[in-house]
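Asker: Handing you a structure now.
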Number of protein chains: 2
Amino acid sequence: MMFSKACEYGIRAAVYIALQSLDGRRVSVTEIAEEIDSPIAFTAKILQQLTRNNIVNSVKGPTGGFEIDREEMDNVKLNMIVKAIDGDKIYKGCGLGLKECDAQKPCPLHDKFVDIRTDLSRMLKSTSLFELATGLEIGMTFLKR
Amino acid sequence: MMFSKACEYGIRAAVYIALQSLDGRRVSVTEIAEEIDSPIAFTAKILQQLTRNNIVNSVKGPTGGFEIDREEMDNVKLNMIVKAIDGDKIYKGCGLGLKECDAQKPCPLHDKFVDIRTDLSRMLKSTSLFELATGLEIGMTFLKR
DNA sequence: TTAAAAAAGGATAAAATTGTCCTTTATTAA
DNA sequence: TTAATAAAGGACAATTTTATCCTTTTTTAA
């Protein structure tokens, strides 16, 4: 609706990893894909991007898997994940697809979009993985179906 | 960013048609594509959808083209165009891609998205083609580049 | 030191979206 | 009535996104 499929999987995966890391558990791609109901290999690709962007930590070999440090859960905000996967078109792009669209030369929807985008942006910048993981932990929210 | 390319072109085309209809001019696909800087044949397809959904009126043959009745410009709101082209996933779909995501079984972002989506939905439902066309007419806004 | 486990990465494939081309249908004006 | 004009529609092509498969690299524990 707003994010690419890759980004949706990425956020869900990150939240799941955070949740398990709270219990000190590392998780494999297979487990993640199972738990967030996503295609395994595709999810693996997305996790590579998150790893390269230092959003999650990966460890190879037996007992390896993905994890997120407790402090990183506070530092990592949703906008970082979105940016790592979808780039910054959500923030920059014109709602009607104009190449240049700004206050100087606005598309007909420019002003109306500014408000909505500002809200979205603020929300993404202020929502941490920790916050989302704890919502899951207490059974208030879900990552599947 | 939020709409498909098809939908972006559709909105721009509709606004341009409305603008010209204010002067009593019918416009051809070729002119529309030129003026909104979009691929001709693809734009033609999109205009077919708008025509089938009674958002614009089409007339075949010489002197034919696309037009919008003055009263229709008030009646047609952006949400109607978006629905005709992108369907209602903008309104219904879960931000994280869950098949069922509602107050009963929300994804971790559900509540945060509700507000943003409500604003977006309200904006689309309350913005008429006439409003957008007049902004263009007085040179306040643009459809190209 | 070796077998097994797990992520990384490369090469494709499938599906969806975007875009083009060409023929058909309708309509108008000469 | 006919030639020209314009939308409608069908078939296909290109691109992007989503998804799969298989090999390589790293690491652990036995």
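Please note that chains go A, B, ... in the order of the structure tokens, that every chain numbers its residues from 1, and that ligands are numbered from 1 in the order shown.
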If we count only C-alpha atoms (C1' of nucleotides), what is near Ser126 (chain A) at a cut-off of 12 Å, once residues fewer than 4 positions away on the same chain are taken out, given as number ranges by chain?
Answerer: A: 74-80, 119-122, 130-132; B: 112
Asker: With N, CA, C and O atoms retained, write the just-selected residues as a JSON list (two decimals), in the first residue's frame.
Answerer:
```json
[["chain", "number", "residue", "atom", "x", "y", "z"],
["A", 74, "ASP", "N", 16.53, 0.14, 20.35],
["A", 74, "ASP", "CA", 16.07, 1.50, 20.63],
["A", 74, "ASP", "C", 16.53, 2.46, 19.53],
["A", 74, "ASP", "O", 15.81, 3.36, 19.13],
["A", 75, "ASN", "N", 17.72, 2.21, 19.03],
["A", 75, "ASN", "CA", 18.28, 3.11, 18.02],
["A", 75, "ASN", "C", 17.63, 2.95, 16.65],
["A", 75, "ASN", "O", 17.47, 3.92, 15.91],
["A", 76, "VAL", "N", 17.33, 1.70, 16.31],
["A", 76, "VAL", "CA", 16.78, 1.45, 14.98],
["A", 76, "VAL", "C", 15.32, 1.89, 14.90],
["A", 76, "VAL", "O", 14.46, 1.34, 15.59],
["A", 77, "LYS", "N", 15.08, 2.91, 14.08],
["A", 77, "LYS", "CA", 13.71, 3.37, 13.86],
["A", 77, "LYS", "C", 13.25, 2.85, 12.50],
["A", 77, "LYS", "O", 14.06, 2.56, 11.62],
["A", 78, "LEU", "N", 11.96, 2.81, 12.33],
["A", 78, "LEU", "CA", 11.41, 2.28, 11.08],
["A", 78, "LEU", "C", 11.92, 2.99, 9.85],
["A", 78, "LEU", "O", 12.14, 2.37, 8.81],
["A", 79, "ASN", "N", 12.12, 4.28, 9.94],
["A", 79, "ASN", "CA", 12.56, 5.00, 8.75],
["A", 79, "ASN", "C", 13.90, 4.47, 8.23],
["A", 79, "ASN", "O", 14.16, 4.51, 7.04],
["A", 80, "MET", "N", 14.72, 3.92, 9.14],
["A", 80, "MET", "CA", 16.00, 3.38, 8.71],
["A", 80, "MET", "C", 15.81, 2.11, 7.88],
["A", 80, "MET", "O", 16.52, 1.87, 6.91],
["A", 119, "ASP", "N", 3.36, 13.55, 8.50],
["A", 119, "ASP", "CA", 2.88, 12.66, 9.55],
["A", 119, "ASP", "C", 3.53, 11.28, 9.43],
["A", 119, "ASP", "O", 3.99, 10.71, 10.41],
["A", 120, "LEU", "N", 3.53, 10.78, 8.21],
["A", 120, "LEU", "CA", 4.12, 9.46, 7.97],
["A", 120, "LEU", "C", 5.59, 9.46, 8.38],
["A", 120, "LEU", "O", 6.05, 8.58, 9.11],
["A", 121, "SER", "N", 6.29, 10.46, 7.91],
["A", 121, "SER", "CA", 7.71, 10.56, 8.19],
["A", 121, "SER", "C", 7.98, 10.63, 9.69],
["A", 121, "SER", "O", 8.86, 9.95, 10.22],
["A", 122, "ARG", "N", 7.19, 11.45, 10.37],
["A", 122, "ARG", "CA", 7.38, 11.59, 11.81],
["A", 122, "ARG", "C", 7.13, 10.25, 12.52],
["A", 122, "ARG", "O", 7.86, 9.85, 13.41],
["A", 130, "PHE", "N", 12.22, -1.71, 19.25],
["A", 130, "PHE", "CA", 11.89, -2.17, 20.61],
["A", 130, "PHE", "C", 10.41, -2.00, 20.90],
["A", 130, "PHE", "O", 9.73, -2.91, 21.39],
["A", 131, "GLU", "N", 9.91, -0.83, 20.56],
["A", 131, "GLU", "CA", 8.49, -0.56, 20.80],
["A", 131, "GLU", "C", 7.62, -1.61, 20.10],
["A", 131, "GLU", "O", 6.67, -2.13, 20.69],
["A", 132, "LEU", "N", 7.95, -1.90, 18.84],
["A", 132, "LEU", "CA", 7.14, -2.86, 18.10],
["A", 132, "LEU", "C", 7.28, -4.28, 18.65],
["A", 132, "LEU", "O", 6.30, -5.02, 18.72],
["B", 112, "LYS", "N", -0.86, 2.97, 14.27],
["B", 112, "LYS", "CA", -0.15, 4.13, 13.76],
["B", 112, "LYS", "C", -0.56, 4.45, 12.32],
["B", 112, "LYS", "O", -0.52, 5.61, 11.90]]
```
Asker: Give me, as JSON, numbers by chain, all polymer residues having an atom no more than 9 Å from DT28 (chain D), counting only C-alpha atoms (C1' of nucleotides) and skipping those fewer than 3 positions away in the same chain.
Answerer: {"A": [61, 62, 63, 64], "C": [4, 5]}
Asker: Using only C-alpha atoms (C1' of nucleotides), which residues sit within 9 Å of DT20 (chain D) once same-chain residues fewer than 6 positions away are excluded, as a PyMOL selection string?
Answerer: (chain A and resi 41-42) or (chain C and resi 12-13)
Asker: What is the CA of Val82 (chain B)-CA of Ile81 (chain A) distance in Å, reported with one decimal?
Answerer: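 Here the two named atoms are 27.5 Å from each other.
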Asker: May I have a table of the residues of chain D lying at most 12 Å from chain A, giving each one's closest pair of atoms and their distance in Å to one decimal, counting only C-alpha atoms (C1' of nucleotides), ordered by chain and ascending residue number, as JSON lines?
Answerer:
```
{"residue": "D:DT16", "atom": "C1'", "partner": "A:Ser4", "partner_atom": "CA", "distance": 11.8}
{"residue": "D:DT17", "atom": "C1'", "partner": "A:Lys5", "partner_atom": "CA", "distance": 8.6}
{"residue": "D:DT18", "atom": "C1'", "partner": "A:Phe42", "partner_atom": "CA", "distance": 7.8}
{"residue": "D:DA19", "atom": "C1'", "partner": "A:Phe42", "partner_atom": "CA", "distance": 6.0}
{"residue": "D:DT20", "atom": "C1'", "partner": "A:Ala41", "partner_atom": "CA", "distance": 6.8}
{"residue": "D:DC21", "atom": "C1'", "partner": "A:Ala41", "partner_atom": "CA", "distance": 8.9}
{"residue": "D:DC22", "atom": "C1'", "partner": "A:Ala41", "partner_atom": "CA", "distance": 11.5}
{"residue": "D:DT25", "atom": "C1'", "partner": "A:Lys60", "partner_atom": "CA", "distance": 9.2}
{"residue": "D:DT26", "atom": "C1'", "partner": "A:Lys60", "partner_atom": "CA", "distance": 5.8}
{"residue": "D:DT27", "atom": "C1'", "partner": "A:Gly61", "partner_atom": "CA", "distance": 4.2}
{"residue": "D:DT28", "atom": "C1'", "partner": "A:Pro62", "partner_atom": "CA", "distance": 5.3}
{"residue": "D:DA29", "atom": "C1'", "partner": "A:Pro62", "partner_atom": "CA", "distance": 8.4}
```
Asker: Give me, as a PyMOL selection string, all polymer residues having an atom no more than 8 Å from Leu109 (chain A), counting only C-alpha atoms (C1' of nucleotides) and skipping those fewer than 4 positions away in the same chain.
Answerer: (chain A and resi 95-96+113) or (chain B and resi 132)
Asker: Can you spit out the residues from that selection as a PDB file, in the first residue's frame, using all heavy atoms?
Answerer:
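Writing the result to again.pdb gives the following:
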```pdb
ATOM      1  N   GLY A  95       3.745  12.922  -5.286  1.00  0.00           N
ATOM      2  CA  GLY A  95       2.573  12.054  -5.264  1.00  0.00           C
ATOM      3  C   GLY A  95       2.006  11.789  -6.645  1.00  0.00           C
ATOM      4  O   GLY A  95       1.401  10.745  -6.884  1.00  0.00           O
ATOM      5  N   LEU A  96       2.216  12.706  -7.575  1.00  0.00           N
ATOM      6  CA  LEU A  96       1.708  12.520  -8.935  1.00  0.00           C
ATOM      7  C   LEU A  96       2.819  12.159  -9.914  1.00  0.00           C
ATOM      8  O   LEU A  96       2.612  12.168 -11.126  1.00  0.00           O
ATOM      9  CB  LEU A  96       0.970  13.771  -9.410  1.00  0.00           C
ATOM     10  CG  LEU A  96      -0.333  14.079  -8.686  1.00  0.00           C
ATOM     11  CD1 LEU A  96      -1.064  15.240  -9.344  1.00  0.00           C
ATOM     12  CD2 LEU A  96      -1.242  12.856  -8.668  1.00  0.00           C
ATOM     13  N   PHE A 113      -0.316  16.765   0.042  1.00  0.00           N
ATOM     14  CA  PHE A 113       0.533  15.629   0.382  1.00  0.00           C
ATOM     15  C   PHE A 113       1.544  15.958   1.465  1.00  0.00           C
ATOM     16  O   PHE A 113       1.944  15.095   2.236  1.00  0.00           O
ATOM     17  CB  PHE A 113       1.281  15.126  -0.847  1.00  0.00           C
ATOM     18  CG  PHE A 113       0.609  13.968  -1.512  1.00  0.00           C
ATOM     19  CD1 PHE A 113       0.309  13.993  -2.862  1.00  0.00           C
ATOM     20  CD2 PHE A 113       0.256  12.834  -0.784  1.00  0.00           C
ATOM     21  CE1 PHE A 113      -0.320  12.923  -3.472  1.00  0.00           C
ATOM     22  CE2 PHE A 113      -0.372  11.763  -1.388  1.00  0.00           C
ATOM     23  CZ  PHE A 113      -0.664  11.807  -2.736  1.00  0.00           C
TER      24      PHE A 113
ATOM     25  N   LEU B 132      -8.747  21.109  -8.330  1.00  0.00           N
ATOM     26  CA  LEU B 132      -7.403  20.926  -8.876  1.00  0.00           C
ATOM     27  C   LEU B 132      -7.234  21.669 -10.204  1.00  0.00           C
ATOM     28  O   LEU B 132      -6.183  22.262 -10.469  1.00  0.00           O
ATOM     29  CB  LEU B 132      -7.107  19.443  -9.061  1.00  0.00           C
ATOM     30  CG  LEU B 132      -7.116  18.628  -7.758  1.00  0.00           C
ATOM     31  CD1 LEU B 132      -6.800  17.178  -8.036  1.00  0.00           C
ATOM     32  CD2 LEU B 132      -6.148  19.205  -6.736  1.00  0.00           C
TER      33      LEU B 132
END
```
Asker: Could you tell me which residues of chain C sit within 12 Å of chain A when counting only C-alpha atoms (C1' of nucleotides), and give me the result as a list in words?
Answerer: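 Applying the cut-off to the listed atoms yields DA3, DA4, DA5, DA6, DA7, DA8, DG9 and DG10 of chain C.
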Asker: Using only C-alpha atoms, I'd like a table of the residues in chain B that come within 9 Å of chain A; for each, show the closest atom pair and its distance in Å rounded to one decimal, ordered by chain and ascending number, as CSV.
Answerer:
```
residue,atom,partner,partner_atom,distance
B:Met1,CA,A:Ile90,CA,5.4
B:Met2,CA,A:Met2,CA,5.4
B:Phe3,CA,A:Gly95,CA,7.2
B:Lys5,CA,A:Gly97,CA,7.3
B:Cys7,CA,A:Leu96,CA,8.2
B:Glu8,CA,A:Leu96,CA,4.8
B:Tyr9,CA,A:Leu96,CA,7.4
B:Ile11,CA,A:Leu96,CA,7.5
B:Arg12,CA,A:Leu96,CA,7.1
B:Val15,CA,A:Pro108,CA,8.7
B:Lys89,CA,A:Met1,CA,6.4
B:Ile90,CA,A:Met1,CA,5.4
B:Tyr91,CA,A:Met1,CA,8.4
B:Lys92,CA,A:Met1,CA,8.8
B:Gly93,CA,A:Met1,CA,6.2
B:Cys94,CA,A:Met1,CA,7.2
B:Gly95,CA,A:Met1,CA,6.1
B:Leu96,CA,A:Glu8,CA,4.7
B:Gly97,CA,A:Glu8,CA,6.2
B:Leu98,CA,A:Arg145,CA,5.2
B:Lys99,CA,A:Arg145,CA,5.3
B:Glu100,CA,A:Arg145,CA,5.9
B:Cys101,CA,A:Arg145,CA,7.8
B:Lys105,CA,A:Thr141,CA,6.5
B:Pro106,CA,A:Thr141,CA,5.2
B:Cys107,CA,A:Phe142,CA,4.9
B:Pro108,CA,A:Thr141,CA,5.2
B:Leu109,CA,A:Leu132,CA,7.7
B:His110,CA,A:Thr141,CA,8.5
B:Lys112,CA,A:Met123,CA,7.3
B:Phe113,CA,A:Leu120,CA,8.3
B:Asp115,CA,A:Asp119,CA,8.9
B:Ile116,CA,A:Leu120,CA,6.5
B:Arg117,CA,A:Ile116,CA,8.6
B:Asp119,CA,A:Ile116,CA,6.8
B:Leu120,CA,A:Ile116,CA,6.5
B:Met123,CA,A:Lys112,CA,7.3
B:Leu132,CA,A:Pro108,CA,5.7
B:Ala133,CA,A:Pro108,CA,8.1
B:Gly135,CA,A:Pro108,CA,6.8
B:Leu136,CA,A:Pro108,CA,7.0
B:Met140,CA,A:Pro106,CA,7.6
B:Thr141,CA,A:Pro108,CA,5.2
B:Phe142,CA,A:Cys107,CA,4.9
B:Leu143,CA,A:Cys107,CA,5.9
B:Lys144,CA,A:Leu98,CA,6.4
B:Arg145,CA,A:Leu98,CA,5.2
```
Asker: Return as a PDB file with N, CA, C and O atoms, in the first residue's frame the full set of residues in region 15-129 of chain B whose backbone-based DSSP assignment is strand (DSSP E or B).
Answerer:
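So the final result, stored in result_26.pdb, reads:
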```pdb
ATOM      1  N   VAL B  27     -10.175  17.307 -25.660  1.00  0.00           N
ATOM      2  CA  VAL B  27      -8.764  17.054 -25.937  1.00  0.00           C
ATOM      3  C   VAL B  27      -8.514  15.608 -26.328  1.00  0.00           C
ATOM      4  O   VAL B  27      -9.176  14.702 -25.840  1.00  0.00           O
ATOM      5  N   ASN B  57     -15.657  11.745 -20.034  1.00  0.00           N
ATOM      6  CA  ASN B  57     -16.549  11.409 -21.126  1.00  0.00           C
ATOM      7  C   ASN B  57     -15.706  11.349 -22.395  1.00  0.00           C
ATOM      8  O   ASN B  57     -14.861  12.201 -22.599  1.00  0.00           O
ATOM      9  N   SER B  58     -15.935  10.318 -23.229  1.00  0.00           N
ATOM     10  CA  SER B  58     -15.162  10.256 -24.458  1.00  0.00           C
ATOM     11  C   SER B  58     -16.089  10.315 -25.670  1.00  0.00           C
ATOM     12  O   SER B  58     -17.203   9.808 -25.639  1.00  0.00           O
ATOM     13  N   VAL B  59     -15.599  10.946 -26.721  1.00  0.00           N
ATOM     14  CA  VAL B  59     -16.361  11.080 -27.952  1.00  0.00           C
ATOM     15  C   VAL B  59     -15.461  10.663 -29.107  1.00  0.00           C
ATOM     16  O   VAL B  59     -14.354  11.171 -29.234  1.00  0.00           O
ATOM     17  N   GLY B  65     -12.801  13.422 -28.653  1.00  0.00           N
ATOM     18  CA  GLY B  65     -11.768  13.567 -27.638  1.00  0.00           C
ATOM     19  C   GLY B  65     -12.358  13.328 -26.255  1.00  0.00           C
ATOM     20  O   GLY B  65     -13.443  12.745 -26.127  1.00  0.00           O
ATOM     21  N   PHE B  66     -11.672  13.804 -25.235  1.00  0.00           N
ATOM     22  CA  PHE B  66     -12.138  13.602 -23.865  1.00  0.00           C
ATOM     23  C   PHE B  66     -12.589  14.932 -23.276  1.00  0.00           C
ATOM     24  O   PHE B  66     -12.033  15.997 -23.580  1.00  0.00           O
ATOM     25  N   GLU B  67     -13.595  14.842 -22.424  1.00  0.00           N
ATOM     26  CA  GLU B  67     -14.126  16.046 -21.786  1.00  0.00           C
ATOM     27  C   GLU B  67     -14.750  15.654 -20.451  1.00  0.00           C
ATOM     28  O   GLU B  67     -14.980  14.481 -20.183  1.00  0.00           O
ATOM     29  N   LYS B  77     -14.360  13.128  -7.174  1.00  0.00           N
ATOM     30  CA  LYS B  77     -13.310  13.341  -6.181  1.00  0.00           C
ATOM     31  C   LYS B  77     -12.157  12.387  -6.496  1.00  0.00           C
ATOM     32  O   LYS B  77     -12.351  11.348  -7.117  1.00  0.00           O
ATOM     33  N   SER B 128     -11.882  17.687  -5.202  1.00  0.00           N
ATOM     34  CA  SER B 128     -12.571  17.522  -6.485  1.00  0.00           C
ATOM     35  C   SER B 128     -11.668  17.896  -7.653  1.00  0.00           C
ATOM     36  O   SER B 128     -10.692  18.635  -7.496  1.00  0.00           O
TER      37      SER B 128
END
```
Asker: Just want the 12 Å neighbourhood of DA3 (chain D), counted on only C-alpha atoms (C1' of nucleotides), with same-chain residues fewer than 6 positions away dropped. Output as a compact mmCIF listing (two decimals) with N, CA, C and O atoms (P, O5', C5', C4', C3', O3' and C1' of nucleotides), in the first residue's frame.
Answerer:
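And here's selection.txt as it stands now:
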```txt
# COMPACT_ATOMS: atom_id res chain seq x y z
N PRO B 62 -13.83 12.59 -35.63
CA PRO B 62 -13.29 13.94 -35.76
C PRO B 62 -14.02 14.89 -34.82
O PRO B 62 -15.23 14.73 -34.62
P DT C 28 -20.79 12.88 -34.58
O5' DT C 28 -20.02 14.07 -35.32
C5' DT C 28 -18.62 14.25 -35.09
C4' DT C 28 -17.95 14.61 -36.39
C3' DT C 28 -18.77 15.58 -37.25
O3' DT C 28 -18.07 16.79 -37.32
C1' DT C 28 -17.81 13.84 -38.56
P DA C 29 -18.86 18.16 -37.74
O5' DA C 29 -18.01 18.62 -39.00
C5' DA C 29 -16.64 18.23 -39.12
C4' DA C 29 -16.27 18.16 -40.58
C3' DA C 29 -17.04 19.16 -41.46
O3' DA C 29 -16.14 19.64 -42.45
C1' DA C 29 -17.39 16.99 -42.28
P DA C 30 -16.46 20.96 -43.27
O5' DA C 30 -15.98 20.56 -44.75
C5' DA C 30 -14.78 19.79 -44.89
C4' DA C 30 -14.87 18.91 -46.11
C3' DA C 30 -15.43 19.64 -47.35
O3' DA C 30 -14.64 19.33 -48.47
C1' DA C 30 -16.68 17.68 -46.95
```
